[in-house]
Structures are given as structure tokens and as C-alpha cells.
$ cat structure_33.cif   # mmCIF, C-alpha atoms
data_start
#
loop_
_atom_site.label_atom_id
_atom_site.label_comp_id
_atom_site.auth_asym_id
_atom_site.auth_seq_id
_atom_site.Cartn_x
_atom_site.Cartn_y
_atom_site.Cartn_z
CA VAL Z 1 43.80 -44.50 -51.61
CA THR Z 2 44.60 -40.88 -50.88
CA LEU Z 3 41.99 -38.19 -51.29
CA ASN Z 4 43.92 -36.62 -54.24
CA ASN Z 5 44.30 -39.94 -56.05
CA ALA Z 6 40.61 -40.69 -55.63
CA LEU Z 7 39.64 -37.31 -56.99
CA SER Z 8 42.08 -37.69 -59.94
CA LYS Z 9 40.45 -40.93 -60.95
CA LEU Z 10 37.11 -39.14 -61.04
CA ALA Z 11 38.67 -36.49 -63.32
CA ILE Z 12 38.03 -33.79 -60.76
CA GLU Z 13 40.59 -31.06 -60.67
CA VAL Z 14 42.13 -30.57 -57.26
CA VAL Z 15 42.85 -26.94 -56.45
CA PRO Z 16 46.03 -26.78 -54.36
CA ASP Z 17 46.52 -24.63 -51.26
CA VAL Z 18 42.81 -24.72 -50.38
CA PRO Z 19 42.60 -25.81 -46.77
CA VAL Z 20 40.34 -28.71 -46.07
CA VAL Z 21 37.86 -27.76 -43.38
CA PRO Z 22 37.37 -30.64 -41.01
CA ASP Z 23 33.86 -31.80 -40.22
CA VAL Z 24 32.31 -29.84 -37.35
CA GLU Z 25 29.94 -31.65 -35.09
CA VAL Z 26 26.81 -29.52 -34.64
CA SER Z 27 24.59 -30.17 -31.66
CA VAL Z 28 20.95 -30.35 -32.65
CA PRO Z 29 18.54 -30.18 -29.73
CA GLU Z 30 16.29 -33.17 -29.46
CA PRO Z 31 12.55 -32.53 -29.66
CA PRO Z 32 10.70 -32.61 -26.34
CA ILE Z 33 9.34 -35.92 -25.17
CA GLN Z 34 5.59 -36.10 -25.58
CA THR Z 35 4.90 -38.39 -22.65
CA PRO Z 36 4.71 -37.58 -18.95
CA SER Z 37 7.40 -38.53 -16.46
CA ILE Z 38 7.45 -42.29 -15.97
CA ARG Z 39 9.11 -44.29 -13.24
CA GLN Z 40 9.21 -47.98 -14.09
CA SER Z 41 10.59 -50.58 -11.73
CA LYS Z 42 11.78 -54.00 -12.86
CA LYS Z 43 13.97 -56.67 -11.34
CA ASN Z 44 17.61 -56.98 -12.31
CA LYS Z 45 19.61 -60.17 -12.34
CA LYS Z 46 20.07 -60.05 -8.59
CA GLY Z 47 16.34 -59.73 -8.05
CA LYS Z 48 16.58 -56.14 -6.84
CA PRO Z 49 14.30 -53.50 -8.36
CA SER Z 50 16.01 -51.05 -10.69
CA THR Z 51 14.41 -47.71 -11.62
CA ILE Z 52 14.17 -46.30 -15.12
CA THR Z 53 13.41 -42.59 -15.21
CA VAL Z 54 12.07 -40.91 -18.33
CA THR Z 55 12.44 -37.15 -18.17
CA GLN Z 56 9.71 -34.86 -19.44
CA SER Z 57 9.55 -31.47 -21.09
CA PRO Z 58 6.41 -29.57 -22.00
CA THR Z 59 5.62 -29.28 -25.67
CA VAL Z 60 6.20 -25.68 -26.69
CA THR Z 61 5.16 -25.05 -30.28
CA ALA Z 62 6.78 -21.87 -31.60
CA ASN Z 63 4.88 -19.72 -29.11
CA PRO Z 64 5.53 -16.09 -28.32
CA LEU Z 65 7.30 -15.58 -25.01
CA PHE Z 66 4.84 -15.45 -22.13
CA THR Z 67 6.52 -12.58 -20.31
CA TYR Z 68 4.92 -10.57 -17.52
CA GLU Z 69 4.14 -7.81 -20.02
CA LYS Z 70 2.59 -10.26 -22.49
CA LEU Z 71 0.36 -11.90 -19.88
CA THR Z 72 -0.60 -8.50 -18.44
CA GLU Z 73 -1.80 -7.45 -21.88
CA MET Z 74 -3.77 -10.70 -22.27
CA ILE Z 75 -5.47 -10.24 -18.88
CA LYS Z 76 -6.33 -6.61 -19.54
CA ASN Z 77 -7.91 -7.52 -22.89
CA ASP Z 78 -9.72 -10.61 -21.64
CA PRO Z 79 -13.47 -9.97 -22.08
CA LYS Z 80 -14.32 -12.92 -19.83
CA ILE Z 81 -12.95 -11.15 -16.75
CA ASN Z 82 -15.18 -8.50 -15.24
CA ASP Z 83 -12.87 -5.59 -14.42
CA LYS Z 84 -15.35 -4.12 -11.95
CA LYS Z 85 -14.65 -7.03 -9.61
CA LYS Z 86 -11.04 -5.85 -9.52
CA THR Z 87 -10.20 -9.36 -10.65
CA LYS Z 88 -7.94 -8.16 -13.46
CA ALA Z 89 -5.92 -6.00 -11.10
CA ASP Z 90 -5.65 -8.90 -8.64
CA TYR Z 91 -4.52 -11.34 -11.35
CA ILE Z 92 -1.87 -8.92 -12.54
CA ASP Z 93 -0.62 -8.18 -9.03
CA HIS Z 94 -0.49 -11.86 -8.08
CA MET Z 95 1.13 -12.78 -11.39
CA LYS Z 96 3.88 -10.23 -10.66
CA LYS Z 97 4.56 -12.08 -7.41
CA ILE Z 98 4.83 -15.38 -9.31
CA PHE Z 99 7.30 -13.89 -11.80
CA ASP Z 100 9.36 -12.14 -9.12
CA PHE Z 101 9.58 -14.93 -6.56
CA GLY Z 102 9.96 -17.65 -9.20
CA GLY Z 103 12.70 -15.70 -10.99
CA CYS Z 104 10.76 -16.04 -14.25
CA VAL Z 105 11.23 -14.18 -17.53
CA ASP Z 106 9.07 -16.39 -19.72
CA MET Z 107 6.39 -18.34 -17.82
CA ILE Z 108 6.36 -21.35 -20.18
CA SER Z 109 10.14 -21.79 -19.84
CA CYS Z 110 9.88 -21.20 -16.11
CA LEU Z 111 7.56 -24.18 -15.73
CA SER Z 112 9.48 -26.51 -18.10
CA ASN Z 113 11.56 -29.55 -17.20
CA GLY Z 114 10.20 -29.80 -13.68
CA ASN Z 115 11.10 -26.19 -12.87
CA TYR Z 116 7.50 -25.60 -11.77
CA LYS Z 117 8.53 -27.23 -8.48
CA ASN Z 118 11.00 -24.41 -7.84
CA VAL Z 119 8.36 -21.77 -8.68
CA ILE Z 120 5.89 -23.39 -6.28
CA SER Z 121 8.52 -23.60 -3.54
CA LYS Z 122 9.55 -19.95 -3.94
CA LEU Z 123 5.93 -18.78 -3.93
CA TRP Z 124 5.16 -20.82 -0.82
CA GLU Z 125 8.17 -19.37 1.01
CA ALA Z 126 7.62 -15.79 -0.20
CA LYS Z 127 8.37 -13.11 2.40
CA ASN Z 128 6.94 -9.63 2.68
CA PRO Z 129 9.82 -7.17 2.12
CA LYS Z 130 8.31 -4.79 4.68
CA ASN Z 131 8.85 -7.12 7.63
CA GLN Z 132 10.70 -10.12 6.17
CA GLN Z 133 7.91 -12.38 7.42
CA LEU Z 134 6.10 -14.96 5.32
CA TYR Z 135 3.11 -13.53 3.49
CA SER Z 136 -0.12 -14.34 5.28
CA VAL Z 137 -1.87 -17.61 4.56
CA ASN Z 138 -4.72 -15.77 2.84
CA SER Z 139 -2.31 -13.79 0.64
CA ARG Z 140 -0.47 -16.92 -0.46
CA LYS Z 141 -3.77 -18.69 -1.01
CA ALA Z 142 -4.78 -15.85 -3.35
CA TYR Z 143 -1.46 -16.12 -5.24
CA PHE Z 144 -1.92 -19.86 -5.86
CA GLN Z 145 -5.57 -19.36 -6.82
CA SER Z 146 -4.52 -16.78 -9.44
CA PHE Z 147 -1.73 -19.15 -10.55
CA LEU Z 148 -4.38 -21.78 -11.32
CA LYS Z 149 -6.51 -19.28 -13.23
CA ILE Z 150 -3.55 -18.12 -15.32
CA LEU Z 151 -2.63 -21.71 -16.12
CA ASP Z 152 -6.17 -22.54 -17.25
CA ASN Z 153 -7.00 -19.30 -19.05
CA TYR Z 154 -3.75 -18.51 -20.87
CA LEU Z 155 -1.06 -21.20 -20.70
CA LYS Z 156 -3.00 -24.44 -21.19
CA PRO Z 157 -3.14 -24.36 -25.03
CA HIS Z 158 0.64 -23.96 -25.19
CA ILE Z 159 1.71 -26.82 -22.92
CA GLN Z 160 1.53 -30.51 -23.79
CA ASP Z 161 -1.59 -31.94 -22.16
CA ALA Z 162 -0.04 -34.60 -19.93
CA TYR Z 163 2.59 -32.20 -18.60
CA PHE Z 164 -0.01 -29.47 -18.05
CA LYS Z 165 -1.98 -31.84 -15.82
CA ILE Z 166 1.14 -32.55 -13.77
CA VAL Z 167 1.84 -28.84 -13.24
CA LYS Z 168 -1.77 -27.94 -12.46
CA LYS Z 169 -2.12 -30.82 -9.99
CA ALA Z 170 1.00 -29.65 -8.14
CA VAL Z 171 -0.21 -26.03 -7.95
CA ASP Z 172 -3.70 -27.07 -6.87
CA LYS Z 173 -2.26 -29.29 -4.13
CA GLU Z 174 -0.60 -26.26 -2.52
CA PHE Z 175 -3.74 -24.17 -3.00
CA GLN Z 176 -5.83 -26.78 -1.18
CA LYS Z 177 -3.29 -26.87 1.68
CA LEU Z 178 -3.56 -23.09 2.06
CA LYS Z 179 -7.36 -23.24 1.98
CA THR Z 180 -7.27 -25.70 4.88
CA MET Z 181 -4.74 -23.58 6.78
CA SER Z 182 -6.92 -20.50 6.24
CA MET Z 183 -9.95 -22.28 7.64
CA ILE Z 184 -7.99 -23.44 10.69
CA GLU Z 185 -6.77 -19.86 11.29
CA LYS Z 186 -10.34 -18.57 11.14
CA LYS Z 187 -11.51 -21.18 13.64
CA GLU Z 188 -8.66 -20.25 16.00
CA LYS Z 189 -9.50 -16.56 15.73
CA GLN Z 190 -13.08 -17.35 16.63
CA LYS Z 191 -11.81 -18.58 20.00
CA THR Z 192 -9.55 -15.64 20.76
CA VAL Z 193 -10.72 -12.53 18.86
CA LYS Z 194 -13.74 -10.66 20.19
CA HIS Z 195 -15.65 -7.99 18.31
CA ILE Z 196 -17.48 -4.90 19.49
CA ARG Z 197 -21.11 -4.35 18.61
CA PHE Z 198 -21.86 -2.42 15.44
CA ASP Z 199 -23.64 0.37 17.31
CA THR Z 200 -20.51 0.76 19.50
CA TYR Z 201 -18.42 0.90 16.32
CA LEU Z 202 -20.60 3.71 14.92
CA GLU Z 203 -20.27 5.69 18.15
CA LYS Z 204 -16.48 5.50 17.85
CA ILE Z 205 -16.65 6.81 14.26
CA LYS Z 206 -18.98 9.62 15.30
CA GLU Z 207 -16.67 10.73 18.11
CA GLU Z 208 -13.58 10.71 15.89
CA PHE Z 209 -14.91 12.04 12.57
CA GLY Z 210 -18.41 13.46 13.10
CA THR Z 211 -21.74 12.50 11.54
CA ASP Z 212 -21.24 14.56 8.37
CA SER Z 213 -18.10 12.63 7.41
CA LYS Z 214 -17.47 10.08 4.70
CA HIS Z 215 -16.37 7.73 7.49
CA TYR Z 216 -19.72 7.83 9.26
CA LEU Z 217 -21.65 7.42 6.01
CA LEU Z 218 -19.62 4.29 5.21
CA GLY Z 219 -20.20 2.93 8.70
CA LYS Z 220 -23.97 3.36 8.36
CA LEU Z 221 -23.99 1.82 4.89
CA TYR Z 222 -22.13 -1.25 6.13
CA GLU Z 223 -24.44 -1.51 9.13
CA VAL Z 224 -27.47 -1.78 6.83
CA PHE Z 225 -25.98 -3.62 3.84
CA THR Z 226 -22.73 -5.36 4.79
CA CYS Z 227 -21.37 -6.19 1.36
CA ARG Z 228 -17.69 -6.58 0.52
CA ASP Z 229 -15.65 -3.82 -1.16
CA ASP Z 230 -18.55 -2.99 -3.49
CA TYR Z 231 -19.25 0.66 -2.58
CA GLY Z 232 -16.00 1.74 -4.23
CA GLY Z 233 -16.69 2.42 -7.90
CA MET Z 234 -20.46 2.50 -7.36
CA ILE Z 235 -22.25 4.91 -9.73
CA ILE Z 236 -25.31 7.05 -9.00
CA ILE Z 237 -28.22 6.69 -11.44
CA ASP Z 238 -31.74 8.10 -11.34
CA ASN Z 239 -33.35 5.70 -13.79
CA LYS Z 240 -33.19 1.90 -13.67
CA ASN Z 241 -32.82 1.84 -17.46
CA GLN Z 242 -29.31 3.26 -16.99
CA ASN Z 243 -28.25 -0.10 -15.54
CA ASN Z 244 -25.76 -1.58 -18.04
CA GLN Z 245 -25.69 -4.98 -16.25
CA GLU Z 246 -21.96 -4.56 -15.56
CA SER Z 247 -21.33 -1.80 -13.02
CA ASN Z 248 -22.65 -1.39 -9.47
CA TYR Z 249 -25.20 1.36 -8.89
CA LEU Z 250 -26.99 3.44 -6.31
CA LEU Z 251 -30.41 4.05 -7.86
CA LYS Z 252 -31.76 7.35 -6.56
CA GLU Z 253 -35.53 7.60 -6.75
CA LYS Z 254 -38.00 10.01 -5.20
CA ASN Z 255 -38.34 8.52 -1.73
CA LYS Z 256 -35.84 5.68 -1.65
CA TYR Z 257 -32.42 4.40 -2.63
CA THR Z 258 -31.73 0.99 -4.15
CA ILE Z 259 -28.35 -0.72 -4.39
CA ILE Z 260 -27.82 -2.75 -7.58
CA LEU Z 261 -24.78 -5.03 -7.63
CA ASN Z 262 -23.99 -6.53 -11.01
CA SER Z 263 -20.39 -7.26 -10.15
CA TYR Z 264 -19.28 -8.80 -6.85
CA LYS Z 265 -17.19 -11.69 -5.61
CA THR Z 266 -19.86 -14.41 -5.76
CA SER Z 267 -21.83 -12.96 -8.67
CA VAL Z 268 -23.18 -14.99 -11.56
CA ASP Z 269 -23.34 -13.30 -14.95
CA GLY Z 270 -26.79 -11.91 -15.68
CA ASP Z 271 -27.95 -12.35 -12.08
CA PRO Z 272 -27.59 -9.02 -10.24
CA THR Z 273 -28.20 -8.55 -6.53
CA ILE Z 274 -30.75 -5.82 -5.85
CA PHE Z 275 -30.98 -4.52 -2.30
CA HIS Z 276 -33.59 -1.97 -1.26
CA LEU Z 277 -32.03 -0.04 1.61
CA LYS Z 278 -34.02 -0.49 4.76
CA LEU Z 279 -33.84 3.00 6.18
CA LYS Z 280 -34.29 3.19 9.93
CA ASN Z 281 -36.03 6.48 10.82
CA ASN Z 282 -34.78 7.81 7.48
CA ASP Z 283 -31.38 8.53 9.06
CA LEU Z 284 -29.38 6.76 6.34
CA LYS Z 285 -31.47 8.38 3.60
CA LEU Z 286 -30.77 11.79 5.13
CA LEU Z 287 -27.05 11.02 5.30
CA ILE Z 288 -26.98 9.99 1.63
CA ASP Z 289 -28.99 13.07 0.63
CA ALA Z 290 -26.59 15.33 2.52
CA TRP Z 291 -23.53 13.61 0.99
CA ILE Z 292 -24.86 13.99 -2.55
CA LEU Z 293 -25.75 17.65 -1.94
CA LYS Z 294 -22.44 18.49 -0.25
CA ASN Z 295 -20.38 16.96 -3.08
CA LYS Z 296 -22.70 18.20 -5.88
CA LEU Z 297 -23.15 14.68 -7.20
CA LYS Z 298 -25.50 13.82 -10.01
CA SER Z 299 -26.50 10.85 -12.14
CA GLY Z 300 -23.42 9.26 -13.69
CA ASN Z 301 -21.05 10.33 -10.87
CA TYR Z 302 -19.27 7.94 -8.52
CA PHE Z 303 -21.14 7.69 -5.21
CA ILE Z 304 -18.11 7.43 -2.86
CA GLY Z 305 -15.23 7.42 -5.31
CA LYS Z 306 -13.80 5.33 -8.11
CA SER Z 307 -11.28 3.30 -6.13
CA SER Z 308 -11.36 0.40 -3.71
CA LEU Z 309 -12.28 1.38 -0.14
CA SER Z 310 -10.56 -1.43 1.74
CA LYS Z 311 -7.41 0.55 2.59
CA TYR Z 312 -9.46 3.64 3.45
CA ILE Z 313 -11.59 1.68 5.93
CA SER Z 314 -8.50 -0.04 7.36
CA ASN Z 315 -6.93 3.38 8.09
CA MET Z 316 -10.23 4.65 9.52
CA ASN Z 317 -10.51 1.65 11.82
CA GLN Z 318 -6.93 2.03 12.98
CA LYS Z 319 -7.66 5.59 14.13
CA ILE Z 320 -10.57 4.43 16.30
CA GLY Z 321 -8.72 1.43 17.73
CA VAL Z 322 -10.38 -1.29 15.65
CA LYS Z 323 -8.21 -3.86 13.87
CA GLY Z 324 -9.00 -4.91 10.32
CA ALA Z 325 -10.98 -3.54 7.40
CA ILE Z 326 -14.13 -4.59 5.55
CA ASN Z 327 -13.86 -8.24 6.56
CA THR Z 328 -13.92 -7.14 10.19
CA LEU Z 329 -17.16 -5.23 9.60
CA ARG Z 330 -18.73 -8.36 8.12
CA GLN Z 331 -17.60 -10.41 11.11
CA MET Z 332 -19.02 -7.79 13.48
CA ARG Z 333 -22.38 -7.80 11.74
CA ILE Z 334 -22.64 -11.60 11.71
CA SER Z 335 -21.37 -12.02 15.28
CA GLN Z 336 -23.85 -9.49 16.63
CA THR Z 337 -26.81 -10.95 14.73
CA LEU Z 338 -26.02 -14.58 15.55
CA SER Z 339 -25.40 -13.78 19.23
CA ASP Z 340 -29.19 -13.75 19.54
CA SER Z 341 -30.01 -17.31 20.62
CA ASN Z 342 -33.56 -16.94 19.29
CA ILE Z 343 -32.53 -16.33 15.68
CA SER Z 344 -34.40 -18.64 13.30
CA ILE Z 345 -33.08 -20.64 10.35
CA ASP Z 346 -34.95 -18.32 7.98
CA GLU Z 347 -33.29 -15.28 9.57
CA ARG Z 348 -29.89 -16.91 9.23
CA ASP Z 349 -30.66 -17.58 5.58
CA ASP Z 350 -31.77 -13.97 5.04
CA LEU Z 351 -28.52 -12.74 6.61
CA SER Z 352 -26.37 -14.99 4.41
CA ASN Z 353 -28.26 -13.85 1.29
CA SER Z 354 -27.80 -10.18 2.16
CA MET Z 355 -24.07 -10.79 2.69
CA MET Z 356 -23.80 -12.88 -0.47
CA HIS Z 357 -22.28 -16.02 0.99
CA SER Z 358 -23.48 -19.38 2.33
CA VAL Z 359 -24.79 -20.20 5.80
CA VAL Z 360 -21.73 -22.47 6.25
CA THR Z 361 -19.37 -19.57 5.46
CA GLN Z 362 -21.36 -17.46 7.89
CA LEU Z 363 -20.35 -19.78 10.74
CA LEU Z 364 -16.66 -19.12 10.00
CA TYR Z 365 -17.27 -15.37 10.37
CA GLN Z 366 -18.91 -15.61 13.79
CA HIS Z 367 -16.80 -14.45 16.76
CA GLN Z 368 -17.48 -13.79 20.41
CA MET Z 369 -18.77 -10.34 21.31
CA GLU Z 370 -17.10 -8.08 23.85
CA ASN Z 371 -19.14 -7.59 27.04
#
$ encode --input "structure_33.cif" --output "C-alpha cells"
Amino acid sequence: VTLNNALSKLAIEVVPDVPVVPDVEVSVPEPPIQTPSIRQSKKNKKGKPSTITVTQSPTVTANPLFTYEKLTEMIKNDPKINDKKKTKADYIDHMKKIFDFGGCVDMISCLSNGNYKNVISKLWEAKNPKNQQLYSVNSRKAYFQSFLKILDNYLKPHIQDAYFKIVKKAVDKEFQKLKTMSMIEKKEKQKTVKHIRFDTYLEKIKEEFGTDSKHYLLGKLYEVFTCRDDYGGMIIIDNKNQNNQESNYLLKEKNKYTIILNSYKTSVDGDPTIFHLKLKNNDLKLLIDAWILKNKLKSGNYFIGKSSLSKYISNMNQKIGVKGAINTLRQMRISQTLSDSNISIDERDDLSNSMMHSVVTQLLYQHQMEN
């Protein structure tokens, strides 16, 4: 029966000269599979194992695109990250590396359908554009550590649980490799790199920059209290009630100075480190007094500046023939102190507490001393 005859029987008027549009097949994307990748082996008729592979996509539920700009905004507005630790800036910088090297526009899409393997590979093989050499082990370790934090803090709710575990396990595996490589590098350096004594280091600074310089003041501060990059952004206060439990402070009182660290690498919220400067012959106190007077500093001002001091100290050290930055100063302090064979366990413990790390970590910092 023709189409016209069938329509006539149904008393439906057929309008001539109207072209009949053929059916168009429309591709409708299938929804993502909700189960993780499965490889199942079974025997075929010949008794040989055959493999069935089930592909996997993460569940993405009408989310906004997780672009670099979007994640940057989320990190900046995250109240759980203490900005004084420079953690936010580090996350953002490391995230930029992940986007750039992974060729990502949207992070969720970039990790989908097994593509996370490509991102991991590109990040592992990342080269510094300045010298076309692989980024250092410690740099790449930091990138993967931030990768894990970003996965947990921002992406986890938007990726199907089973697939998220697969991605996180793969990223963590590379992070653990880099941690091991970093430890091996440190042990090797302990055998080959020798450090000068801290008093020799201070003499070099004095000869190059003078005793009234910012350089010498920093050297003396690190000799007495060898923290990490915690002097940058430190604020002067003259009353302990001005402590807001977030920033780092130099408390200036009548006859003494006290360092209050609320925010540092190994800090625990609500548990500040308070260090009363042990002033030898008042020389450090006099240096601080002179610095404050010279720069007309008062309560509420930054003690040595708002920014990180790591690059500043690296440049300073380069001028006096010393390699490295703040980490080198910490190694020098530990190496010199532990070179005393009579040091007690309690003294080792006191040193590790003042440097805010464990006694085990302390051993990785120890190097041979020159002369």
C-alpha cells in the first residue's frame, strides 16, 4: 500500500508538492558508565583466556567548568587554607603547571576517560623552560602534592567515587615515588656536600654587606632562631593582645623580643609556636633596635617586609659564595650543632622543636662540616 493510498483511507488530505523529509538519525551520547574499569578473563572454546574490557568515564553532573580561573577563585576564597603560609599562592602556581603541562582547559574533562594518565605523564616529564632540564625532584614532588590537595578539596564531589579513587591512587603513586627520590637525593648530598660553620657564614655577610645591613640582621636572626621562610610578612606588635592567632609577629616589649608564629609549615591550628629570642650579649637585640629605628617602624608595620625572603636570601648567599637559600641555613645550623659528639638526646629534641620538625627529619639535614 502506497503512502498516499494509506492516507486516503484515513480521510487525511494529502498536500501535494510538499517534500517528504527523510528520517535523520541523531546521535545521542550514552550516559557515563557508573562502574570502574573492569578486566575480566574467561576461557573461550579453545581454553585460552579472553579479556573483556569495560571502559570507564567519570560521572560529571552538570558542573561548571573547572578552568584554571575557576579553581584559582575557589582557592583564593577557601577559608580552610591559611594564606599566611603562602599555601594558596603555591597551590595556584602548581595548579598552573598542571594545566599547562597537561594541556588542560577544564580539569574534570582533562582527567576523564583515562586522560589522567597523560596529565600525570606530562607533569612527571615537565622541563624548566629556562634550561630545558627536568624540574627538580622536589619541585615535581610539590606539584604532585598540590595535585592531590586539589583533587581532595575541590574536584572530589564532582567525580564518580570509584573513578575518583582510581585517579587519586595514580597521582599518589607518583607522589610517593618522588618522596623516595627526594630522600635518596638528600642522603647522597650528605655524603658530598659540606657546609661552613654559621659563625663563618656571618663573617662573610659582614665583610660583604656590613653589620648595619638587612643581610646581617637576617643572618643573626637565623643563627638564633632557624625557622623556615617565616620572617617575611612578620608584623611588629607591642602588646600580646594584638595577636590575632593568624599572622606571625615580633612582640616588642621593654627589654626583650618574642617571636610568635601562628602560621608555619608544620603548624596546627590554635597551637602557635612562641620563641623567646635568646640574645647573646644583647647583640641581636641591639641590631633589631637599630633596624626599627632606622626604618621608623612601629606597631602594626612589617618587620622585614611583606614578601617571602627565600629569593632575597638566595641572592645574598650567591654574592658571598654560598649555594642555596633558607634550607641551606637550616642544614648549616643542624650540621654544626650535631657535629658535637657530646650532644644529648634532650639537646637534639630541643633543636628539632626550635626548628619545627622531627628528630628523624633532622638527620636528613645533617651534612659534613668544612675543616
$ resolve_selection --input "structure_33.cif" --expression "the PyMOL selection byres ((chain Z and resi 297-304) around 7)" --output "MDAnalysis selection string"
chainID Z and resid 231:238 292:293 295:296 305:306
$ write_last_selection --input "structure_33.cif" --atoms "C-alpha atoms" --output "PDB file, keeping the file's coordinate frame"
ATOM      1  CA  TYR Z 231     -19.250   0.660  -2.580  1.00  0.00           C
ATOM      2  CA  GLY Z 232     -16.000   1.740  -4.230  1.00  0.00           C
ATOM      3  CA  GLY Z 233     -16.690   2.420  -7.900  1.00  0.00           C
ATOM      4  CA  MET Z 234     -20.460   2.500  -7.360  1.00  0.00           C
ATOM      5  CA  ILE Z 235     -22.250   4.910  -9.730  1.00  0.00           C
ATOM      6  CA  ILE Z 236     -25.310   7.050  -9.000  1.00  0.00           C
ATOM      7  CA  ILE Z 237     -28.220   6.690 -11.440  1.00  0.00           C
ATOM      8  CA  ASP Z 238     -31.740   8.100 -11.340  1.00  0.00           C
ATOM      9  CA  ILE Z 292     -24.860  13.990  -2.550  1.00  0.00           C
ATOM     10  CA  LEU Z 293     -25.750  17.650  -1.940  1.00  0.00           C
ATOM     11  CA  ASN Z 295     -20.380  16.960  -3.080  1.00  0.00           C
ATOM     12  CA  LYS Z 296     -22.700  18.200  -5.880  1.00  0.00           C
ATOM     13  CA  GLY Z 305     -15.230   7.420  -5.310  1.00  0.00           C
ATOM     14  CA  LYS Z 306     -13.800   5.330  -8.110  1.00  0.00           C
TER      15      LYS Z 306
END
$ atom_distance --input "structure_33.cif" --atom1 "atom CA of Leu134 of chain Z" --atom2 "atom CA of Ser310 of chain Z"
21.8 Å
$ closest_residue --input "structure_33.cif" --among "Z:Asn317, Z:Lys294, Z:Glu188, Z:Ile274" --to "Leu218 of chain Z" --atoms "all atoms listed in the file"
Z:Asn317
$ residues_around --input "structure_33.cif" --residues "segment 136-145 of chain Z" --least-positions-apart "3" --cutoff "6 Å" --atoms "only C-alpha atoms" --output "MDAnalysis selection string"
chainID Z and resid 94 148 175 178
$ resolve_selection --input "structure_33.cif" --expression "the PyMOL selection byres ((chain Z and resi 70) around 12)" --output "MDAnalysis selection string"
chainID Z and resid 63:69 71:77 92 95:96 105:108 154:155
$ write_last_selection --input "structure_33.cif" --atoms "C-alpha atoms" --output "PDB file, keeping the file's coordinate frame"
ATOM      1  CA  ASN Z  63       4.880 -19.720 -29.110  1.00  0.00           C
ATOM      2  CA  PRO Z  64       5.530 -16.090 -28.320  1.00  0.00           C
ATOM      3  CA  LEU Z  65       7.300 -15.580 -25.010  1.00  0.00           C
ATOM      4  CA  PHE Z  66       4.840 -15.450 -22.130  1.00  0.00           C
ATOM      5  CA  THR Z  67       6.520 -12.580 -20.310  1.00  0.00           C
ATOM      6  CA  TYR Z  68       4.920 -10.570 -17.520  1.00  0.00           C
ATOM      7  CA  GLU Z  69       4.140  -7.810 -20.020  1.00  0.00           C
ATOM      8  CA  LEU Z  71       0.360 -11.900 -19.880  1.00  0.00           C
ATOM      9  CA  THR Z  72      -0.600  -8.500 -18.440  1.00  0.00           C
ATOM     10  CA  GLU Z  73      -1.800  -7.450 -21.880  1.00  0.00           C
ATOM     11  CA  MET Z  74      -3.770 -10.700 -22.270  1.00  0.00           C
ATOM     12  CA  ILE Z  75      -5.470 -10.240 -18.880  1.00  0.00           C
ATOM     13  CA  LYS Z  76      -6.330  -6.610 -19.540  1.00  0.00           C
ATOM     14  CA  ASN Z  77      -7.910  -7.520 -22.890  1.00  0.00           C
ATOM     15  CA  ILE Z  92      -1.870  -8.920 -12.540  1.00  0.00           C
ATOM     16  CA  MET Z  95       1.130 -12.780 -11.390  1.00  0.00           C
ATOM     17  CA  LYS Z  96       3.880 -10.230 -10.660  1.00  0.00           C
ATOM     18  CA  VAL Z 105      11.230 -14.180 -17.530  1.00  0.00           C
ATOM     19  CA  ASP Z 106       9.070 -16.390 -19.720  1.00  0.00           C
ATOM     20  CA  MET Z 107       6.390 -18.340 -17.820  1.00  0.00           C
ATOM     21  CA  ILE Z 108       6.360 -21.350 -20.180  1.00  0.00           C
ATOM     22  CA  TYR Z 154      -3.750 -18.510 -20.870  1.00  0.00           C
ATOM     23  CA  LEU Z 155      -1.060 -21.200 -20.700  1.00  0.00           C
TER      24      LEU Z 155
END
$ closest_residue --input "structure_33.cif" --among "Z:Gly324, Z:Gly102, Z:Pro129, Z:Gly210" --to "Tyr312 of chain Z" --atoms "all atoms listed in the file"
Z:Gly324
$ atom_distance --input "structure_33.cif" --atom1 "atom CA of Glu246 of chain Z" --atom2 "atom CA of Ile334 of chain Z"
28.2 Å
$ atom_distance --input "structure_33.cif" --atom1 "atom CA of Lys156 of chain Z" --atom2 "atom CA of Asn113 of chain Z"
15.9 Å
$ residues_around --input "structure_33.cif" --residues "segment 126-128 of chain Z" --least-positions-apart "3" --cutoff "10 Å" --atoms "only C-alpha atoms" --output "list in words"
Lys97, Ile98, Asp100, Phe101, Gly102, Ile120, Ser121, Lys122, Leu123, Asn131, Gln132, Gln133, Leu134, Tyr135, Ser136 and Arg140 of chain Z
